[in-house]
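Student: One file is attached below, input.cif, containing mmCIF, C-alpha atoms and all ligand atoms.
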data_entry
loop_
_atom_site.label_atom_id
_atom_site.label_comp_id
_atom_site.auth_asym_id
_atom_site.auth_seq_id
_atom_site.Cartn_x
_atom_site.Cartn_y
_atom_site.Cartn_z
CA MET A 17 0.00 0.00 0.00
CA SER A 18 1.48 3.36 -1.00
CA ARG A 19 2.11 5.95 1.64
CA LYS A 20 -0.35 8.32 -0.05
CA PHE A 21 -3.06 5.68 -0.13
CA ARG A 22 -2.43 4.83 3.53
CA SER A 23 -2.82 8.50 4.43
CA ILE A 24 -6.06 8.81 2.53
CA LEU A 25 -7.34 5.64 4.18
CA MET A 26 -6.41 7.01 7.59
CA VAL A 27 -8.22 10.28 6.90
CA LEU A 28 -11.30 8.34 5.78
CA VAL A 29 -11.26 6.17 8.89
CA LEU A 30 -10.89 9.20 11.15
CA ALA A 31 -13.67 11.02 9.31
CA LEU A 32 -15.92 8.00 9.76
CA VAL A 33 -15.12 7.76 13.47
CA PHE A 34 -15.64 11.48 14.09
CA GLY A 35 -18.73 11.46 11.91
CA ALA A 36 -20.15 8.59 13.89
CA CYS A 37 -19.35 10.38 17.15
CA ALA A 38 -20.92 13.59 15.93
CA LYS A 39 -23.99 11.67 14.82
CA LYS A 40 -24.13 9.92 18.15
CA ASN A 41 -23.93 13.27 19.91
CA GLU A 42 -26.66 14.67 17.69
CA THR A 43 -29.14 11.97 18.53
CA LYS A 44 -27.99 11.24 22.06
CA PRO A 45 -26.93 14.23 24.11
CA ALA A 46 -24.59 13.39 26.99
CA LYS A 47 -26.43 12.49 30.19
CA THR A 48 -26.34 14.86 33.14
CA ILE A 49 -24.61 13.26 36.09
CA ILE A 50 -26.46 13.65 39.38
CA ARG A 51 -24.01 13.20 42.25
CA VAL A 52 -25.44 12.03 45.56
CA GLY A 53 -23.25 11.68 48.66
CA HIS A 54 -23.75 10.20 52.12
CA ASN A 55 -21.65 8.91 55.00
CA GLN A 56 -23.16 5.47 55.61
CA SER A 57 -22.09 2.02 54.41
CA GLN A 58 -23.58 0.20 51.47
CA ASN A 59 -25.65 -2.02 53.85
CA HIS A 60 -27.29 0.93 55.52
CA PRO A 61 -31.00 1.73 54.97
CA THR A 62 -29.98 5.16 53.68
CA HIS A 63 -27.90 3.62 50.89
CA LEU A 64 -30.67 1.16 50.03
CA GLY A 65 -33.16 4.03 49.89
CA LEU A 66 -30.86 6.01 47.61
CA LEU A 67 -30.45 3.03 45.29
CA ALA A 68 -34.26 2.86 45.00
CA PHE A 69 -34.22 6.61 44.20
CA GLU A 70 -31.54 6.07 41.53
CA LYS A 71 -33.52 3.20 40.02
CA TYR A 72 -36.74 5.18 39.87
CA VAL A 73 -35.17 8.28 38.33
CA GLU A 74 -33.23 6.26 35.76
CA GLU A 75 -36.24 4.12 34.87
CA ASN A 76 -38.14 7.29 34.06
CA LEU A 77 -35.45 9.67 32.85
CA GLY A 78 -32.51 7.36 32.18
CA ASP A 79 -31.86 8.91 28.78
CA LYS A 80 -31.21 12.28 30.43
CA TYR A 81 -29.73 11.59 33.86
CA ASP A 82 -27.12 9.30 35.33
CA VAL A 83 -27.61 9.19 39.11
CA GLN A 84 -24.41 8.27 40.95
CA VAL A 85 -24.62 7.44 44.66
CA TYR A 86 -21.38 7.79 46.66
CA PRO A 87 -21.50 6.12 50.13
CA SER A 88 -19.02 6.08 53.04
CA GLU A 89 -17.85 9.72 52.96
CA LEU A 90 -16.33 9.16 49.50
CA LEU A 91 -17.26 12.78 48.72
CA GLY A 92 -16.09 14.03 52.12
CA SER A 93 -17.48 14.36 55.63
CA GLN A 94 -21.08 15.45 56.09
CA ILE A 95 -20.05 19.07 56.58
CA ASP A 96 -17.89 18.92 53.41
CA MET A 97 -20.81 17.42 51.51
CA VAL A 98 -23.22 20.13 52.67
CA GLN A 99 -20.76 22.76 51.45
CA LEU A 100 -20.37 20.96 48.11
CA THR A 101 -24.17 20.86 47.82
CA GLN A 102 -24.35 24.58 48.55
CA THR A 103 -22.04 25.36 45.67
CA GLY A 104 -23.66 22.82 43.36
CA ALA A 105 -20.50 20.72 43.00
CA ILE A 106 -22.74 17.85 44.07
CA ASN A 107 -26.51 17.82 43.65
CA ILE A 108 -27.76 15.95 46.69
CA CYS A 109 -26.42 14.76 50.04
CA VAL A 110 -27.68 13.36 53.31
CA ALA A 111 -26.93 15.42 56.41
CA SER A 112 -27.92 14.97 60.00
CA ASN A 113 -30.15 17.80 61.17
CA ALA A 114 -27.60 18.25 63.98
CA ILE A 115 -25.02 19.87 61.72
CA LEU A 116 -27.60 21.84 59.74
CA GLU A 117 -28.42 24.15 62.66
CA THR A 118 -25.27 26.13 61.91
CA PHE A 119 -26.64 26.86 58.42
CA ASN A 120 -29.98 28.18 59.72
CA ASP A 121 -30.94 28.34 63.39
CA VAL A 122 -34.58 27.37 62.75
CA ARG A 123 -33.19 23.87 62.37
CA GLU A 124 -32.21 23.92 66.06
CA ILE A 125 -35.70 22.68 66.82
CA PHE A 126 -35.09 19.04 65.82
CA ASN A 127 -31.85 18.90 67.81
CA LEU A 128 -33.50 19.57 71.16
CA PRO A 129 -33.15 16.68 73.61
CA TYR A 130 -36.32 14.80 74.48
CA LEU A 131 -38.30 16.89 71.97
CA PHE A 132 -40.49 13.96 70.90
CA ALA A 133 -42.54 11.90 73.35
CA SER A 134 -42.39 8.76 71.20
CA SER A 135 -41.20 7.58 67.82
CA GLU A 136 -44.82 7.76 66.61
CA ALA A 137 -44.93 11.46 67.54
CA TYR A 138 -41.55 11.97 65.83
CA HIS A 139 -42.70 10.31 62.61
CA HIS A 140 -45.98 12.23 62.52
CA VAL A 141 -44.17 15.54 63.01
CA MET A 142 -41.63 14.79 60.30
CA ASP A 143 -44.46 13.76 57.94
CA ASP A 144 -46.39 17.00 58.56
CA PRO A 145 -45.53 19.49 55.80
CA SER A 146 -46.97 22.40 57.80
CA ILE A 147 -44.10 21.86 60.27
CA VAL A 148 -41.22 20.64 58.13
CA LYS A 149 -41.70 22.53 54.87
CA PRO A 150 -40.75 25.98 56.18
CA ILE A 151 -37.78 24.41 57.98
CA PHE A 152 -36.65 22.53 54.86
CA GLU A 153 -36.92 25.74 52.82
CA SER A 154 -35.10 27.88 55.39
CA THR A 155 -31.71 27.37 53.76
CA ARG A 156 -32.65 28.38 50.19
CA ASP A 157 -30.60 31.57 50.59
CA GLY A 158 -27.68 29.40 51.60
CA GLY A 159 -28.04 27.45 48.34
CA PHE A 160 -29.81 24.28 49.46
CA GLU A 161 -33.18 22.93 50.48
CA GLY A 162 -34.41 19.83 52.34
CA VAL A 163 -36.24 17.45 50.01
CA CYS A 164 -37.16 14.66 52.44
CA TRP A 165 -36.21 13.23 55.81
CA LEU A 166 -34.79 9.86 56.78
CA ASP A 167 -35.10 7.93 60.01
CA ALA A 168 -32.04 7.86 62.23
CA GLY A 169 -33.79 6.35 65.25
CA SER A 170 -32.97 7.61 68.71
CA ARG A 171 -29.57 8.49 70.12
CA SER A 172 -28.16 7.06 73.35
CA PHE A 173 -24.74 6.97 75.02
CA TYR A 174 -22.25 4.15 74.59
CA THR A 175 -18.95 3.84 76.37
CA LYS A 176 -15.73 1.89 76.46
CA ASP A 177 -14.90 1.19 80.07
CA LYS A 178 -17.71 2.31 82.27
CA PRO A 179 -21.45 1.66 81.87
CA ILE A 180 -23.72 4.71 82.09
CA ASN A 181 -26.38 3.84 84.64
CA SER A 182 -27.08 7.40 85.74
CA VAL A 183 -26.27 11.01 84.87
CA ALA A 184 -23.51 10.93 87.48
CA ASP A 185 -21.71 8.23 85.47
CA LEU A 186 -21.24 10.69 82.59
CA LYS A 187 -19.36 13.13 84.78
CA GLY A 188 -15.91 13.94 83.46
CA LEU A 189 -16.16 11.61 80.45
CA LYS A 190 -15.15 12.77 77.01
CA ILE A 191 -18.04 12.02 74.70
CA ARG A 192 -18.04 12.51 70.95
CA VAL A 193 -20.98 14.52 69.65
CA GLN A 194 -21.91 15.79 66.21
CA GLN A 195 -20.67 19.28 65.32
CA SER A 196 -23.64 21.17 66.71
CA PRO A 197 -23.66 23.85 69.43
CA THR A 198 -26.87 22.32 70.87
CA ASN A 199 -25.08 19.03 71.43
CA VAL A 200 -22.17 20.72 73.17
CA LYS A 201 -24.56 22.52 75.53
CA MET A 202 -26.43 19.28 76.18
CA MET A 203 -23.22 17.53 77.22
CA ASN A 204 -22.25 20.44 79.48
CA LEU A 205 -25.57 20.07 81.30
CA LEU A 206 -24.85 16.36 81.74
CA GLY A 207 -21.43 17.10 83.21
CA SER A 208 -19.37 15.59 80.37
CA SER A 209 -16.94 17.20 78.06
CA ALA A 210 -18.19 17.20 74.49
CA SER A 211 -15.79 16.31 71.69
CA PRO A 212 -17.41 17.40 68.43
CA MET A 213 -16.04 15.56 65.38
CA GLY A 214 -17.15 14.06 62.07
CA PHE A 215 -18.68 10.58 62.02
CA GLY A 216 -15.79 9.02 60.12
CA GLU A 217 -13.29 9.95 62.83
CA VAL A 218 -15.15 8.35 65.73
CA TYR A 219 -13.89 4.76 65.46
CA THR A 220 -10.21 5.75 65.65
CA ALA A 221 -10.89 8.30 68.39
CA LEU A 222 -12.57 5.58 70.48
CA GLN A 223 -9.91 3.03 69.79
CA SER A 224 -7.04 5.35 70.63
CA GLY A 225 -8.74 6.59 73.80
CA ILE A 226 -9.08 10.23 72.69
CA ILE A 227 -12.71 9.88 73.74
CA ASP A 228 -14.40 7.63 76.32
CA GLY A 229 -17.60 7.15 74.42
CA ALA A 230 -20.05 8.51 71.91
CA GLU A 231 -23.78 8.69 71.32
CA ASN A 232 -25.78 7.40 68.41
CA ASN A 233 -28.38 4.88 67.31
CA GLU A 234 -27.69 1.13 67.53
CA MET A 235 -26.44 0.88 63.94
CA ALA A 236 -23.24 2.74 64.83
CA LEU A 237 -22.27 -0.25 66.97
CA THR A 238 -22.34 -2.70 64.08
CA ASP A 239 -22.27 -0.84 60.79
CA ASN A 240 -19.48 1.46 61.96
CA GLY A 241 -17.83 -1.06 64.26
CA HIS A 242 -18.12 1.10 67.39
CA GLY A 243 -19.40 -1.96 69.29
CA GLU A 244 -15.98 -3.58 68.77
CA VAL A 245 -14.61 -0.96 71.15
CA CYS A 246 -17.58 0.11 73.29
CA LYS A 247 -19.24 -2.65 75.26
CA TYR A 248 -21.94 -0.63 77.07
CA TYR A 249 -24.94 0.96 75.38
CA SER A 250 -27.30 2.85 77.72
CA TYR A 251 -30.80 3.60 76.47
CA ASP A 252 -31.24 7.15 77.76
CA MET A 253 -32.60 8.07 74.28
CA HIS A 254 -31.76 11.75 74.59
CA GLN A 255 -32.51 12.74 70.99
CA MET A 256 -34.32 11.69 67.83
CA VAL A 257 -32.41 13.66 65.23
CA PRO A 258 -33.64 13.12 61.67
CA ASP A 259 -31.32 12.88 58.70
CA ILE A 260 -32.27 15.38 56.03
CA VAL A 261 -31.76 14.83 52.32
CA ILE A 262 -30.72 18.19 50.93
CA ALA A 263 -30.36 19.30 47.31
CA ASN A 264 -28.74 22.28 45.62
CA TYR A 265 -31.53 24.83 45.33
CA HIS A 266 -30.56 26.29 41.94
CA TRP A 267 -30.31 22.85 40.43
CA LEU A 268 -33.76 21.91 41.79
CA GLU A 269 -35.23 25.13 40.41
CA SER A 270 -33.59 24.68 37.02
CA LEU A 271 -35.18 21.27 36.44
CA PRO A 272 -37.89 21.15 33.76
CA LYS A 273 -41.32 20.67 35.39
CA GLU A 274 -41.76 17.11 34.16
CA ASP A 275 -38.30 16.10 35.39
CA ARG A 276 -38.88 17.75 38.74
CA LYS A 277 -42.00 15.61 39.17
CA VAL A 278 -39.93 12.47 38.68
CA PHE A 279 -37.27 13.63 41.16
CA ASP A 280 -39.95 14.54 43.73
CA GLU A 281 -41.52 11.11 43.37
CA GLY A 282 -38.00 9.65 43.72
CA PHE A 283 -37.54 11.51 47.03
CA LYS A 284 -40.82 10.02 48.28
CA ILE A 285 -39.64 6.52 47.33
CA LEU A 286 -36.32 7.17 49.05
CA ASN A 287 -38.13 8.13 52.26
CA GLU A 288 -40.42 5.07 52.12
CA VAL A 289 -37.72 2.52 51.36
CA GLN A 290 -35.27 3.92 53.93
CA ARG A 291 -37.88 3.92 56.71
CA LYS A 292 -39.03 0.41 55.94
CA GLU A 293 -35.44 -0.88 55.88
CA TRP A 294 -34.68 1.03 59.08
CA GLN A 295 -37.14 -1.00 61.17
CA THR A 296 -35.43 -4.30 60.48
CA ALA A 297 -31.90 -2.86 60.38
CA VAL A 298 -32.10 -1.57 63.95
CA SER A 299 -33.31 -4.83 65.46
CA LYS A 300 -30.68 -6.76 63.49
CA ALA A 301 -27.98 -4.33 64.69
CA LYS A 302 -29.06 -4.76 68.29
CA ASP A 303 -29.04 -8.51 67.98
CA LYS A 304 -25.59 -8.55 66.37
CA ALA A 305 -24.15 -6.09 68.90
CA GLU A 306 -25.41 -8.18 71.80
CA ASN A 307 -24.68 -11.66 70.49
CA GLU A 308 -21.62 -11.22 68.29
CA LEU A 309 -19.86 -8.19 69.75
CA GLY A 310 -20.83 -8.73 73.39
CA VAL A 311 -22.33 -5.29 73.90
CA GLU A 312 -24.39 -4.97 77.07
CA PHE A 313 -27.62 -2.98 76.69
CA ILE A 314 -28.52 -0.94 79.77
CA TYR A 315 -31.90 0.65 80.55
CA PRO A 316 -31.28 3.51 83.00
CA ASP A 317 -34.04 5.57 84.59
CA GLN A 318 -34.64 8.23 81.95
CA LYS A 319 -36.13 10.92 84.21
CA PRO A 320 -32.86 12.29 85.67
CA PHE A 321 -31.47 12.66 82.11
CA VAL A 322 -34.61 14.52 81.02
CA ASP A 323 -34.41 16.82 84.06
CA ALA A 324 -30.70 17.54 83.60
CA VAL A 325 -31.08 18.74 80.02
CA SER A 326 -34.47 20.49 80.28
CA PRO A 327 -32.89 23.99 80.84
CA LEU A 328 -31.54 23.72 77.30
CA THR A 329 -35.01 23.70 75.72
CA GLN A 330 -36.04 26.69 77.84
CA GLU A 331 -32.86 28.58 76.88
CA VAL A 332 -33.24 27.84 73.16
CA LEU A 333 -36.94 28.80 73.00
CA LYS A 334 -36.24 32.04 74.86
CA ARG A 335 -33.33 32.99 72.62
CA ASN A 336 -34.80 31.77 69.34
CA GLU A 337 -38.45 32.76 69.55
CA LYS A 338 -39.33 31.74 66.01
CA LEU A 339 -39.10 28.13 67.18
CA ILE A 340 -42.06 28.50 69.53
CA PRO A 341 -44.85 27.82 66.96
CA PHE A 342 -42.97 24.71 65.79
CA TYR A 343 -42.47 23.60 69.38
CA GLU A 344 -46.17 24.02 70.11
CA ALA A 345 -47.22 22.13 67.00
CA ILE A 346 -44.95 19.28 68.10
CA GLN A 347 -46.58 19.19 71.55
CA LYS A 348 -49.91 18.40 69.89
CA TYR A 349 -48.43 15.25 68.39
CA ASN A 350 -46.74 14.45 71.71
CA LYS A 351 -50.15 14.52 73.40
CA GLN A 352 -51.67 12.35 70.72
CA PHE A 353 -48.76 9.85 70.76
CA PRO A 354 -47.37 9.83 74.30
CA ALA A 355 -44.50 7.71 75.53
CA LYS A 356 -45.40 4.08 76.06
CA GLU A 357 -45.26 2.85 79.63
CA GLY A 358 -42.34 0.66 80.63
C1 LIG A 401 -26.19 8.86 62.44
C2 LIG A 401 -26.82 9.70 61.38
C3 LIG A 401 -25.77 10.35 60.49
C4 LIG A 401 -24.76 11.09 61.34
C5 LIG A 401 -24.19 10.20 62.41
C6 LIG A 401 -23.25 10.97 63.34
O1 LIG A 401 -25.54 7.77 61.86
O2 LIG A 401 -27.67 8.91 60.59
O3 LIG A 401 -26.36 11.26 59.61
O4 LIG A 401 -23.72 11.59 60.55
O5 LIG A 401 -25.24 9.64 63.17
O6 LIG A 401 -23.29 10.73 64.53
O7 LIG A 401 -22.47 11.79 62.85
#
When written as structure tokens, how does the structure in this file appear?
Tutor:
Amino acid sequence: MSRKFRSILMVLVLALVFGACAKKNETKPAKTIIRVGHNQSQNHPTHLGLLAFEKYVEENLGDKYDVQVYPSELLGSQIDMVQLTQTGAINICVASNAILETFNDVREIFNLPYLFASSEAYHHVMDDPSIVKPIFESTRDGGFEGVCWLDAGSRSFYTKDKPINSVADLKGLKIRVQQSPTNVKMMNLLGSSASPMGFGEVYTALQSGIIDGAENNEMALTDNGHGEVCKYYSYDMHQMVPDIVIANYHWLESLPKEDRKVFDEGFKILNEVQRKEWQTAVSKAKDKAENELGVEFIYPDQKPFVDAVSPLTQEVLKRNEKLIPFYEAIQKYNKQFPAKEG
């Protein structure tokens, strides 16, 4: 084959390839990648819920969007992810309401200890748009909005060396809390020293003895391995802090109406799947912690814990008066769904 002929052939091949690409691009525009980040493992109800969300969106709009779910802090800690969602570098992330209070203080409400009388009251409040909608929308100026909530159960203390049977047992202990001023104040009232840090740092901090314990739902014992180090879990149940799925506000607003409908339905599915999975995940975690990791579950008298932290609610409602209508609306559900005896 002559050199000239080879060159012509090469040009023809390249033209064909580029032509094909151009044609492909004409008929099939590149998909928009939707990045979703969270800090849980791939077994966690939150991840399973997000996979159901991905499936639904792609079944309906798969030619336009490629939803990519990044678990396990792959996109950074929760605070990093919230900031990335604010700027639009990622579209959606899951953040505990605890850390969101620093972005808008109306979100302080769901961080108050013993706010909900029962998990039924908690669920009804979180499902009531007249309460949650204004709170979810409160951070639009900051670039993001809540699109649904996820169950994160109730939070209790767990420790390495010393079981917490009473408030006095917390005295002087270093306890990891989420990065929220409310949590720091709560620990001060309980006589402990609060060590705020990101979730991903807790295991090493426990193991190396930087902290004596932490507080979370039962899944942290198994899914995050904290039960390998902490052998006492005390059900004081001081908070029910929801996880909030947040999305970049400008991205949400820029979605064509029909697409937005699909995403909104996807958020509903995410909430339903996560909550259903949550019920079984917690009892499995408790069983595994007790029987495989040897964690002892303790049921202290809750009243002294409630009394010790009650000044916090008074202080917050006095300082942040806009929370009062929300607080009162929550009390109605508390009356309707009181704590169960025993
Ligand atoms: C729970 C919650 C997370 C949160 C974590 C924490 O696991 O679901 O959103 O990050 O607690 O204690 O930081």
Student: Return as a VMD selection string every polymer residue, whether protein, DNA or RNA, with at least one atom no more than 10 Å from an atom of ligand LIG 401 (chain A); count all atoms listed in the file.
Tutor: chain A and resid 54 to 56 60 to 62 89 93 to 95 110 to 115 166 to 171 192 to 195 212 to 218 230 to 236 239 to 240 257 to 261
Student: Could you check the closest approach to A:Gly207 for each of A:Ser146, A:Ser182, A:Asn107, A:Thr118 and tell me which residue wins, using only C-alpha atoms?
Tutor: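 For A:Gly207, the nearest of the candidates is A:Ser182.
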Student: When you look at A:Gln255 with a cut-off of 8 Å (counting only C-alpha atoms), what residues show up, excluding the ones that are within fewer than 5 positions of it in the same chain? I need them as a list in words.
Tutor: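 Once the nearby chain positions are removed, what remains is Asn127, Leu128, Pro129, Tyr130, Leu131, Ser170, Arg171 and Ser172 of chain A.
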Student: Distance atom CA of A:Arg276-atom CA of A:Leu116, one decimal place?
Tutor: 24.2 Å
Student: Between atom CA of A:Ser250 and atom CA of A:Gly65, what distance in Å does the model show, to one decimal?
Tutor: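 According to the coordinates, atom CA of A:Ser250 and atom CA of A:Gly65 are separated by 28.5 Å.
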Student: Taking all listed atoms of stretch 138-157 of chain A, build the axis-aligned box, pad each of the six sides by 6 Å, then write its centre and edge lengths in Å to one decimal as AutoDock Vina command-line options.
Tutor:
--center_x -38.8 --center_y 20.9 --center_z 58.0 --size_x 28.4 --size_y 33.3 --size_z 27.6
Student: If you count all atoms listed in the file, which residues fall within 12 Å of A:Asp144, apart from same-chain ones fewer than 2 positions away, as an MDAnalysis selection string?
Tutor: chainID A and resid 137:142 146:152 164:165 342 345:346 348:349
Student: Just give me the gap between atom CA of A:Asp121 and atom CA of A:Glu136 in Å, one decimal is fine.
Tutor: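 That distance, rounded to one decimal, is 25.0 Å.
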Student: From the set A:Glu117, A:Asp303, A:Asp177, A:Glu70, which residue has the shortest atom-to-atom contact distance to A:Thr238, counting all atoms listed in the file?
Tutor: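 Under the stated criterion, the closest residue is A:Asp303.
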Student: Could I get the residues of stretch 92-192 of chain A with an atom no further than 8 Å from an atom of stretch 305-317 of chain A, each paired with its nearest atom pair and that distance in Å to one decimal, using only C-alpha atoms, sorted by chain and residue number, as CSV?
Tutor:
residue,atom,partner,partner_atom,distance
A:Pro179,CA,A:Ile314,CA,7.8
A:Ile180,CA,A:Pro316,CA,7.7
A:Asn181,CA,A:Pro316,CA,5.2
A:Ser182,CA,A:Pro316,CA,6.3
Student: Store the residues of this selection in a file with C-alpha atoms, as a CSV table (one decimal), in the coordinates of the input.
Tutor:
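Output file result-v9.csv follows:
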chain,number,residue,atom,x,y,z
A,179,PRO,CA,-21.4,1.7,81.9
A,180,ILE,CA,-23.7,4.7,82.1
A,181,ASN,CA,-26.4,3.8,84.6
A,182,SER,CA,-27.1,7.4,85.7
